[in-house]
Structure formats: C-alpha cells, structure tokens
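S.K.: Got final30.pdb for you, PDB, C-alpha atoms:
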```pdb
MODEL        1
ATOM      1  CA  MET A  28     136.890 132.561  58.588
ATOM      2  CA  ARG A  29     136.790 129.399  56.495
ATOM      3  CA  TYR A  30     139.021 128.521  53.561
ATOM      4  CA  ALA A  31     138.518 126.353  50.478
ATOM      5  CA  VAL A  32     141.082 125.246  47.882
ATOM      6  CA  LEU A  33     139.794 123.949  44.552
ATOM      7  CA  VAL A  34     142.239 121.363  43.167
ATOM      8  CA  CYS A  35     141.575 120.935  39.455
ATOM      9  CA  GLY A  36     143.375 119.927  36.293
ATOM     10  CA  PRO A  37     143.319 117.258  33.586
ATOM     11  CA  ALA A  38     143.124 113.563  34.388
ATOM     12  CA  GLY A  39     146.376 112.041  35.596
ATOM     13  CA  SER A  40     147.928 115.316  36.739
ATOM     14  CA  GLY A  41     148.226 114.146  40.367
ATOM     15  CA  LYS A  42     145.312 115.979  41.970
ATOM     16  CA  SER A  43     144.384 113.314  44.547
ATOM     17  CA  THR A  44     148.035 112.762  45.503
ATOM     18  CA  PHE A  45     148.480 116.507  45.922
ATOM     19  CA  CYS A  46     145.371 116.685  48.123
ATOM     20  CA  SER A  47     146.666 113.884  50.361
ATOM     21  CA  SER A  48     150.097 115.509  50.626
ATOM     22  CA  MET A  49     148.493 118.845  51.540
ATOM     23  CA  LEU A  50     146.415 117.201  54.253
ATOM     24  CA  THR A  51     149.476 115.493  55.716
ATOM     25  CA  ASN A  52     151.466 118.726  55.716
ATOM     26  CA  LEU A  53     148.678 120.848  57.210
ATOM     27  CA  GLN A  54     148.031 118.319  59.960
ATOM     28  CA  ALA A  55     151.740 118.331  60.785
ATOM     29  CA  GLN A  56     151.391 122.094  61.307
ATOM     30  CA  ASN A  57     148.395 121.513  63.648
ATOM     31  CA  ARG A  58     146.039 123.075  61.118
ATOM     32  CA  THR A  59     142.569 121.583  60.750
ATOM     33  CA  ALA A  60     141.940 120.426  57.179
ATOM     34  CA  HIS A  61     139.205 118.390  55.530
ATOM     35  CA  LEU A  62     138.951 116.609  52.195
ATOM     36  CA  PHE A  63     135.931 117.315  49.984
ATOM     37  CA  ASN A  64     135.548 114.767  47.191
ATOM     38  CA  LEU A  65     133.842 116.493  44.268
ATOM     39  CA  ASP A  66     134.301 113.577  41.862
ATOM     40  CA  PRO A  67     131.116 111.466  41.620
ATOM     41  CA  ALA A  68     133.075 108.801  39.717
ATOM     42  CA  ALA A  69     135.900 108.412  42.260
ATOM     43  CA  GLU A  70     136.968 104.939  43.393
ATOM     44  CA  GLU A  71     137.140 104.090  47.091
ATOM     45  CA  THR A  72     140.821 103.180  46.743
ATOM     46  CA  SER A  73     141.782 106.579  45.300
ATOM     47  CA  PHE A  74     141.815 108.339  48.698
ATOM     48  CA  GLU A  75     144.521 108.129  51.311
ATOM     49  CA  TYR A  76     142.241 110.034  53.706
ATOM     50  CA  GLU A  77     138.521 109.473  54.155
ATOM     51  CA  PRO A  78     136.644 112.459  52.654
ATOM     52  CA  SER A  79     134.806 114.564  55.220
ATOM     53  CA  VAL A  80     132.392 115.655  52.490
ATOM     54  CA  ASP A  81     131.668 113.356  49.545
ATOM     55  CA  ILE A  82     129.424 114.148  46.591
ATOM     56  CA  ARG A  83     128.867 110.398  46.172
ATOM     57  CA  ASN A  84     126.707 110.524  49.305
ATOM     58  CA  LEU A  85     124.361 112.758  47.308
ATOM     59  CA  ILE A  86     124.740 111.315  43.806
ATOM     60  CA  SER A  87     127.175 109.035  42.003
ATOM     61  CA  LEU A  88     128.050 108.766  38.333
ATOM     62  CA  GLU A  89     127.427 105.022  38.351
ATOM     63  CA  ASP A  90     123.824 105.519  39.478
ATOM     64  CA  VAL A  91     123.213 108.203  36.847
ATOM     65  CA  MET A  92     124.630 106.060  34.048
ATOM     66  CA  THR A  93     122.581 103.042  35.183
ATOM     67  CA  GLU A  94     119.249 104.769  35.765
ATOM     68  CA  LEU A  95     119.302 107.435  33.036
ATOM     69  CA  ASN A  96     121.469 105.653  30.448
ATOM     70  CA  TYR A  97     123.804 108.640  30.215
ATOM     71  CA  GLY A  98     127.399 108.386  29.055
ATOM     72  CA  PRO A  99     130.264 109.284  31.425
ATOM     73  CA  ASN A 100     130.619 112.926  30.338
ATOM     74  CA  GLY A 101     126.895 113.684  30.219
ATOM     75  CA  GLY A 102     126.414 111.831  33.498
ATOM     76  CA  LEU A 103     129.128 113.917  35.156
ATOM     77  CA  VAL A 104     127.503 117.163  34.073
ATOM     78  CA  TYR A 105     124.154 115.864  35.361
ATOM     79  CA  CYS A 106     125.732 115.081  38.765
ATOM     80  CA  PHE A 107     127.024 118.646  39.111
ATOM     81  CA  GLU A 108     123.758 120.170  38.002
ATOM     82  CA  TYR A 109     122.022 118.006  40.598
ATOM     83  CA  LEU A 110     124.450 119.286  43.238
ATOM     84  CA  LEU A 111     123.670 122.898  42.324
ATOM     85  CA  GLN A 112     119.968 122.126  42.738
ATOM     86  CA  ASN A 113     120.626 120.696  46.208
ATOM     87  CA  MET A 114     123.002 123.205  47.754
ATOM     88  CA  ASP A 115     121.172 122.866  51.065
ATOM     89  CA  TRP A 116     122.749 119.389  51.295
ATOM     90  CA  LEU A 117     126.200 120.922  50.870
ATOM     91  CA  ASP A 118     125.499 123.662  53.413
ATOM     92  CA  GLU A 119     124.450 121.024  55.928
ATOM     93  CA  GLU A 120     127.596 118.989  55.264
ATOM     94  CA  LEU A 121     129.801 122.056  55.754
ATOM     95  CA  GLY A 122     127.857 123.456  58.697
ATOM     96  CA  ASP A 123     130.237 122.307  61.448
ATOM     97  CA  PHE A 124     133.424 123.540  59.791
ATOM     98  CA  ASP A 125     134.782 126.797  61.197
ATOM     99  CA  ASN A 126     138.280 128.223  60.758
ATOM    100  CA  ASP A 127     139.043 125.079  58.778
ATOM    101  CA  TYR A 128     140.850 124.343  55.548
ATOM    102  CA  LEU A 129     138.693 122.606  52.947
ATOM    103  CA  ILE A 130     140.562 120.841  50.114
ATOM    104  CA  ILE A 131     138.265 120.128  47.159
ATOM    105  CA  ASP A 132     139.399 117.243  44.948
ATOM    106  CA  CYS A 133     137.831 117.671  41.494
ATOM    107  CA  PRO A 134     137.354 115.272  38.566
ATOM    108  CA  GLY A 135     139.679 115.368  35.568
ATOM    109  CA  GLN A 136     137.212 116.439  32.859
ATOM    110  CA  ILE A 137     138.631 119.834  31.903
ATOM    111  CA  GLU A 138     135.445 120.993  30.178
ATOM    112  CA  LEU A 139     134.010 121.465  33.684
ATOM    113  CA  TYR A 140     136.625 124.158  34.274
ATOM    114  CA  THR A 141     136.995 125.724  30.858
ATOM    115  CA  HIS A 142     133.485 126.522  29.623
ATOM    116  CA  HIS A 143     130.786 125.239  31.994
ATOM    117  CA  SER A 144     129.225 127.574  34.594
ATOM    118  CA  ILE A 145     128.974 124.799  37.199
ATOM    119  CA  LEU A 146     132.187 125.409  39.148
ATOM    120  CA  PRO A 147     131.924 129.230  38.989
ATOM    121  CA  ASN A 148     128.466 128.949  40.570
ATOM    122  CA  LEU A 149     129.770 126.557  43.224
ATOM    123  CA  MET A 150     132.681 128.866  44.100
ATOM    124  CA  LYS A 151     130.316 131.836  44.249
ATOM    125  CA  HIS A 152     128.094 129.937  46.685
ATOM    126  CA  LEU A 153     131.055 129.070  48.922
ATOM    127  CA  SER A 154     132.141 132.717  48.933
ATOM    128  CA  GLN A 155     128.639 133.799  49.927
ATOM    129  CA  THR A 156     128.673 131.345  52.855
ATOM    130  CA  GLY A 157     131.876 132.815  54.288
ATOM    131  CA  TYR A 158     134.627 130.889  52.544
ATOM    132  CA  ARG A 159     137.755 132.439  51.145
ATOM    133  CA  VAL A 160     138.412 130.462  47.998
ATOM    134  CA  CYS A 161     141.409 129.770  45.801
ATOM    135  CA  ALA A 162     141.982 127.391  42.900
ATOM    136  CA  THR A 163     145.012 125.370  41.878
ATOM    137  CA  TYR A 164     145.345 123.981  38.364
ATOM    138  CA  LEU A 165     147.747 121.058  38.023
ATOM    139  CA  LEU A 166     149.549 120.251  34.794
ATOM    140  CA  GLU A 167     151.981 117.343  34.879
ATOM    141  CA  SER A 168     155.578 117.755  33.791
ATOM    142  CA  GLN A 169     155.108 115.235  30.980
ATOM    143  CA  PHE A 170     153.468 118.077  29.016
ATOM    144  CA  MET A 171     156.905 119.657  28.653
ATOM    145  CA  GLU A 172     157.968 116.831  26.342
ATOM    146  CA  ASP A 173     155.752 118.077  23.503
ATOM    147  CA  ARG A 174     155.491 121.833  22.940
ATOM    148  CA  TYR A 175     152.091 121.555  21.247
ATOM    149  CA  LYS A 176     150.704 119.498  24.102
ATOM    150  CA  TYR A 177     152.261 121.962  26.540
ATOM    151  CA  PHE A 178     150.612 124.988  24.935
ATOM    152  CA  SER A 179     147.263 123.200  24.849
ATOM    153  CA  GLY A 180     147.696 122.832  28.620
ATOM    154  CA  VAL A 181     148.569 126.527  28.933
ATOM    155  CA  LEU A 182     145.433 127.502  26.995
ATOM    156  CA  SER A 183     143.216 125.212  29.084
ATOM    157  CA  ALA A 184     144.649 126.739  32.278
ATOM    158  CA  MET A 185     144.029 130.243  30.907
ATOM    159  CA  SER A 186     140.470 129.344  29.904
ATOM    160  CA  ALA A 187     139.747 127.910  33.345
ATOM    161  CA  MET A 188     141.152 131.020  35.052
ATOM    162  CA  VAL A 189     138.926 133.301  32.985
ATOM    163  CA  ASN A 190     135.884 131.068  33.492
ATOM    164  CA  ILE A 191     136.029 130.525  37.271
ATOM    165  CA  GLU A 192     137.333 134.002  38.230
ATOM    166  CA  ILE A 193     138.836 133.367  41.668
ATOM    167  CA  PRO A 194     142.421 133.658  42.986
ATOM    168  CA  TRP A 195     144.390 131.136  40.969
ATOM    169  CA  ILE A 196     147.680 129.223  41.143
ATOM    170  CA  ASN A 197     148.983 127.057  38.311
ATOM    171  CA  ILE A 198     151.215 124.154  39.316
ATOM    172  CA  MET A 199     153.579 122.029  37.240
ATOM    173  CA  SER A 200     153.260 118.712  39.060
ATOM    174  CA  LYS A 201     155.400 115.568  39.089
ATOM    175  CA  MET A 202     158.642 117.530  38.865
ATOM    176  CA  ASP A 203     160.318 114.624  40.634
ATOM    177  CA  LEU A 204     160.098 112.834  37.270
ATOM    178  CA  ILE A 205     162.342 115.480  35.721
ATOM    179  CA  THR A 206     166.067 114.890  36.112
ATOM    180  CA  ALA A 207     168.774 117.498  35.644
ATOM    181  CA  PRO A 208     171.534 116.560  33.177
ATOM    182  CA  LYS A 209     174.652 115.091  34.703
ATOM    183  CA  LYS A 210     177.824 117.124  34.602
ATOM    184  CA  ARG A 211     180.254 116.139  31.900
ATOM    185  CA  SER A 212     182.904 115.386  34.492
ATOM    186  CA  ASP A 213     180.685 112.811  36.191
ATOM    187  CA  GLU A 214     181.399 109.161  35.443
ATOM    188  CA  GLY A 215     183.441 110.023  32.347
ATOM    189  CA  ILE A 216     180.462 111.297  30.333
ATOM    190  CA  ASP A 217     181.616 112.799  27.041
ATOM    191  CA  ASP A 218     179.908 115.338  24.818
ATOM    192  CA  ASP A 219     178.675 112.783  22.326
ATOM    193  CA  GLU A 220     177.035 110.264  24.578
ATOM    194  CA  ASP A 221     175.302 110.387  27.924
ATOM    195  CA  LYS A 222     176.297 107.100  29.523
ATOM    196  CA  ARG A 223     173.743 106.393  32.220
ATOM    197  CA  ASP A 224     173.029 103.171  34.047
ATOM    198  CA  GLY A 225     169.454 101.910  33.834
ATOM    199  CA  PRO A 226     166.404 103.623  32.333
ATOM    200  CA  GLY A 227     166.221 107.405  32.137
ATOM    201  CA  PRO A 228     163.708 109.631  33.916
ATOM    202  CA  LEU A 229     160.098 109.255  32.842
ATOM    203  CA  ASN A 230     159.596 112.860  31.825
ATOM    204  CA  GLY A 231     162.964 113.734  30.371
ATOM    205  CA  ILE A 232     166.214 115.405  31.329
ATOM    206  CA  ARG A 233     166.187 119.169  31.602
ATOM    207  CA  GLY A 234     168.412 121.860  33.058
ATOM    208  CA  LYS A 235     167.180 124.832  35.099
ATOM    209  CA  ARG A 236     167.299 127.201  32.140
ATOM    210  CA  ASN A 237     165.307 124.783  30.016
ATOM    211  CA  ILE A 238     162.657 124.318  32.719
ATOM    212  CA  ALA A 239     162.273 128.068  33.342
ATOM    213  CA  LYS A 240     160.757 128.735  29.919
ATOM    214  CA  PHE A 241     158.016 126.202  30.706
ATOM    215  CA  LEU A 242     157.243 127.605  34.149
ATOM    216  CA  ASP A 243     156.876 131.079  32.612
ATOM    217  CA  PRO A 244     155.482 130.208  29.169
ATOM    218  CA  ASP A 245     157.507 131.573  26.287
ATOM    219  CA  PRO A 246     155.107 131.832  23.298
ATOM    220  CA  MET A 247     158.063 132.000  20.906
ATOM    221  CA  MET A 248     158.616 128.273  21.527
ATOM    222  CA  LEU A 249     155.434 127.644  19.556
ATOM    223  CA  LEU A 250     156.857 129.446  16.516
ATOM    224  CA  ALA A 251     160.365 128.036  16.720
ATOM    225  CA  SER A 252     161.470 125.767  13.898
ATOM    226  CA  GLU A 253     161.664 122.050  14.549
ATOM    227  CA  PRO A 254     165.091 120.576  15.328
ATOM    228  CA  SER A 255     166.778 118.687  12.541
ATOM    229  CA  GLY A 256     165.225 115.288  12.072
ATOM    230  CA  GLY A 257     161.948 116.325  13.742
ATOM    231  CA  SER A 258     158.584 116.347  12.045
ATOM    232  CA  LYS A 259     157.835 119.621  10.255
ATOM    233  CA  THR A 260     154.788 121.702  11.118
ATOM    234  CA  ASN A 261     152.155 121.819   8.400
ATOM    235  CA  PRO A 262     152.296 125.332   6.875
ATOM    236  CA  ARG A 263     148.513 125.618   7.072
ATOM    237  CA  TYR A 264     148.802 125.825  10.896
ATOM    238  CA  HIS A 265     151.381 128.612  10.889
ATOM    239  CA  GLN A 266     148.847 131.444  11.155
ATOM    240  CA  LEU A 267     146.991 129.576  13.893
ATOM    241  CA  ASN A 268     150.229 129.131  15.859
ATOM    242  CA  GLN A 269     151.001 132.825  15.416
ATOM    243  CA  ALA A 270     147.553 133.766  16.723
ATOM    244  CA  ILE A 271     147.951 131.496  19.775
ATOM    245  CA  ALA A 272     151.425 132.865  20.505
ATOM    246  CA  GLN A 273     150.084 136.428  20.211
ATOM    247  CA  LEU A 274     147.204 135.614  22.572
ATOM    248  CA  ILE A 275     149.547 134.227  25.237
ATOM    249  CA  ASP A 276     151.917 137.173  24.787
ATOM    250  CA  ASP A 277     149.107 139.741  25.059
ATOM    251  CA  HIS A 278     147.543 138.054  28.109
ATOM    252  CA  PRO A 279     150.395 136.609  30.211
ATOM    253  CA  LEU A 280     148.074 135.160  32.854
ATOM    254  CA  VAL A 281     149.671 131.736  33.195
ATOM    255  CA  GLN A 282     152.764 130.941  35.222
ATOM    256  CA  PHE A 283     153.531 127.665  36.950
ATOM    257  CA  LEU A 284     154.947 126.785  40.347
ATOM    258  CA  PRO A 285     157.059 123.611  40.261
ATOM    259  CA  LEU A 286     155.812 120.850  42.556
ATOM    260  CA  ASN A 287     158.005 117.962  43.624
ATOM    261  CA  LEU A 288     156.121 115.928  46.229
ATOM    262  CA  SER A 289     159.314 114.124  47.238
ATOM    263  CA  SER A 290     160.534 117.489  48.575
ATOM    264  CA  THR A 291     158.868 118.982  51.662
ATOM    265  CA  ASP A 292     160.261 122.417  50.772
ATOM    266  CA  SER A 293     158.595 122.293  47.348
ATOM    267  CA  LEU A 294     155.204 121.387  48.843
ATOM    268  CA  GLU A 295     155.445 124.027  51.562
ATOM    269  CA  ALA A 296     156.329 126.674  48.975
ATOM    270  CA  VAL A 297     153.135 125.857  47.068
ATOM    271  CA  ILE A 298     151.046 125.897  50.267
ATOM    272  CA  SER A 299     152.500 129.286  51.239
ATOM    273  CA  HIS A 300     151.401 130.683  47.860
ATOM    274  CA  ILE A 301     147.908 129.274  48.448
ATOM    275  CA  ASP A 302     147.805 130.820  51.935
ATOM    276  CA  PHE A 303     148.857 134.174  50.516
ATOM    277  CA  ALA A 304     146.232 134.031  47.750
ATOM    278  CA  MET A 305     143.484 133.382  50.330
ATOM    279  CA  GLN A 306     144.980 135.739  52.943
ATOM    280  CA  TYR A 307     145.016 132.845  55.361
ATOM    281  CA  GLY A 308     144.994 133.832  59.029
ATOM    282  CA  GLU A 309     144.884 137.601  58.504
ATOM    283  CA  ASP A 310     141.588 137.935  60.401
ATOM    284  CA  GLU A 311     142.568 135.600  63.235
ATOM    285  CA  GLU A 312     142.803 136.999  66.748
ATOM    286  CA  PRO A 313     146.099 136.434  68.583
ATOM    287  CA  LYS A 314     145.872 133.542  71.011
ATOM    288  CA  GLU A 315     146.572 134.013  74.699
ATOM    289  CA  PRO A 316     149.668 132.109  75.854
ATOM    290  CA  LYS A 317     149.048 129.222  78.190
ATOM    291  CA  ASP A 318     150.060 129.364  81.853
ATOM    292  CA  MET A 319     153.403 127.634  81.435
ATOM    293  CA  ASP A 320     154.129 127.246  85.155
ATOM    294  CA  ASP A 321     150.635 125.922  86.014
ATOM    295  CA  GLY A 322     150.418 128.448  88.890
ATOM    296  CA  ASP A 323     153.645 127.360  90.581
ATOM    297  CA  PHE A 324     154.968 130.911  90.652
ATOM    298  CA  PRO A 325     153.137 134.036  91.851
ATOM    299  CA  ASP A 326     151.800 136.541  89.341
ATOM    300  CA  PRO A 327     154.061 139.649  89.580
ATOM    301  CA  ASP A 328     151.007 141.911  89.088
ATOM    302  CA  GLU A 329     149.522 140.577  92.327
ATOM    303  CA  GLU A 330     152.594 141.310  94.428
TER     304      GLU A 330
ENDMDL
END
```
Could you take the file, read its structure, and then write that structure out as structure tokens?

M.R.:
Amino acid sequence: MRYAVLVCGPAGSGKSTFCSSMLTNLQAQNRTAHLFNLDPAAEETSFEYEPSVDIRNLISLEDVMTELNYGPNGGLVYCFEYLLQNMDWLDEELGDFDNDYLIIDCPGQIELYTHHSILPNLMKHLSQTGYRVCATYLLESQFMEDRYKYFSGVLSAMSAMVNIEIPWINIMSKMDLITAPKKRSDEGIDDDEDKRDGPGPLNGIRGKRNIAKFLDPDPMMLLASEPSGGSKTNPRYHQLNQAIAQLIDDHPLVQFLPLNLSSTDSLEAVISHIDFAMQYGEDEEPKEPKDMDDGDFPDPDEE
C-alpha cells in the first residue's frame, strides 16, 4: 500500500517548512518518505530536501509565461492541465515507490483548491493507482488577528474540502508565533500594563481559552460587536455576515489542529492524525523478528 499527503493552503502558510519537518520526523522513525513538488513556480532554494518527483521536470511556470505570454495565474492553471494530459509521466515517476509515504507540496494559489477540478482529478488518479490519500490545509496563526480574515480562511478551507472530497485535516500553523499571556504575578505586571522586555510575539498574545474558539470556529465571533475604539462594521454587510455565520453553524466541517514546529510533540500529533485518516499500516503484514543471537544458541524446537 502506498500513501500520499496533499499539503495545501494559501501562500505563506508554511507548507514547504511543514513538508520538510514531516520528512525529517518520518525518517527518524525509519519510515520511507518522498517529497513531490507540485509547484511549477518553486525556487530551487525553497526545498530543504531534494524532491523525488518534481513537476518542473515536466513543465515550469517560467517556460509557460515566456513561450505563451501567459500571466502567473493562467500559466499555473496551464501547467496543471498539461500535467493531467501527461499522467503517464507521473505514473513513470512514481513507479518505483511501494509502501512509501509521498508528501505533495502544492502551490499557494487557493483557487486551485477551491473551485478548479484539477486537484480532485489528480487525487482520483492517485487513488486509482493504489494510493491512500489525505489532504492537509494549512492556515497560519496570523489569521487569528483579524476575525474577518480568519473567517475568509475558514470558508476557503471548507470550499477546498467540498471540492477535493478526500480525507481532510485542517492545521493552524505557526503556533510558535503565538505567546500565552504572562501571569500577573510575574515580573510585577499589573492589571493596567503588560510590562514586557523587547518586541512582542509576531502573531499576538492569546490564552488557551481564546485560542480554542479559533481552532473550533465559533461563528458567533463574526456577529459580535466591535470592541470600543474599533472600526464599526458597515450595516449593509450585517445580513451577509449572518448568512456566513449560519452556513458555518449548519455545516461544521472545519476544525483546526494547532501546529508548533518548534515542538516535536505538536508535529507528531499532527502526523498521527494524518496516519489515522489514511489508515496507515493497517494492511501491513507483521515482520518476522531477526535472529538476535546469530545462531549462537540452539533452537529449542530442534532439541
């Protein structure tokens, strides 16, 4: 049995870093894993590991833009359509992989996930060739700083789930950039002022209770009134916000796993969820133990 993990999400969400961290962790567990670069616009310096399969060996965005005078988005769609027309190339590239873990690093254009049929067709082809597939959708923790930006991310994740239709795991990445608030007893911090040394965390300061409502989206946050001093929502968008909140409440498909790549436990928790979604190893035969004594002691069955 072969396994494939589709790593997708908007640009800057940490997909390539997550792929590299997964490869490192799987290799430490003596599991065979390969990187599949599915981004025809990727730079050579963006990979910590050399891709075993690289779409740029078939077609690159730079060549398409130069020869056909396409823009970056149209050129990207052309590259994927060209891949679908040449699936024999992909089958040949994947021919030697057996009982292996394929990590597919995707580009950051979310329209490929949300409403194009390209990736659903690719996943269907992998399933037909004996792969168990799963997708991860990364959304970076910076989205939690703006509730409207956050819910746009939730809707894009939901749209991608419905479009691609395979086992799915949503991940809130870069949680190492979120810092818990310091206790009031620490360093003489009073209730009026948080006296910290140096710059604060990049993506804000949040307690566990505050983070939980973002990991399990609470649609009521979208309808909550702005805090004092904040910009007021235009009344003309109120009905739209109500409709979005109702949609999320009626179809609670999206939940996020927190990912902190500075924590091995956090990464392994995400990998265990991926393994469970793909039923990793359930069809494997038990391995015979090695002869630990190298024949130094007689076999009791022969006595």

S.K.: List the neighbours of Phe74 (chain A) out to 10 Å using only C-alpha atoms; skip same-chain residues closer than 2 positions along the sequence, and give me the result as a ChimeraX atom specification.

M.R.: /A:43-44,46-47,62,64,69-72,76-78,132

S.K.: Could you tell me which residues the PyMOL selection byres ((chain A and resi 90-101) around 10) grabs in this file, written as a list in words?

M.R.: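 Answer for the PyMOL selection byres ((chain A and resi 90-101) around 10): Pro67, Ala68, Arg83, Ile86, Ser87, Leu88, Glu89, Gly102, Leu103, Val104, Tyr105, Cys106, Gln136, Glu138 and Leu139 of chain A.
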
S.K.: Using all atoms listed in the file for the distances, tell me which of A:Met28, A:Val181, A:Leu65, A:Ile130 is nearest to Leu110 (chain A).

M.R.: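 Distance minimum relative to Leu110 (chain A) lands on A:Leu65.
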
S.K.: In Å, with one decimal, what is the gap from CA of Val32 (chain A) to CA of Tyr175 (chain A)?

M.R.: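 These two atoms are separated by 29.1 Å.
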
S.K.: For CA of Ser168 (chain A) and CA of Asn190 (chain A), determine how far apart the two atoms are, in Å to one decimal place.

M.R.: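 CA of Asn190 (chain A) lies 23.8 Å from CA of Ser168 (chain A).
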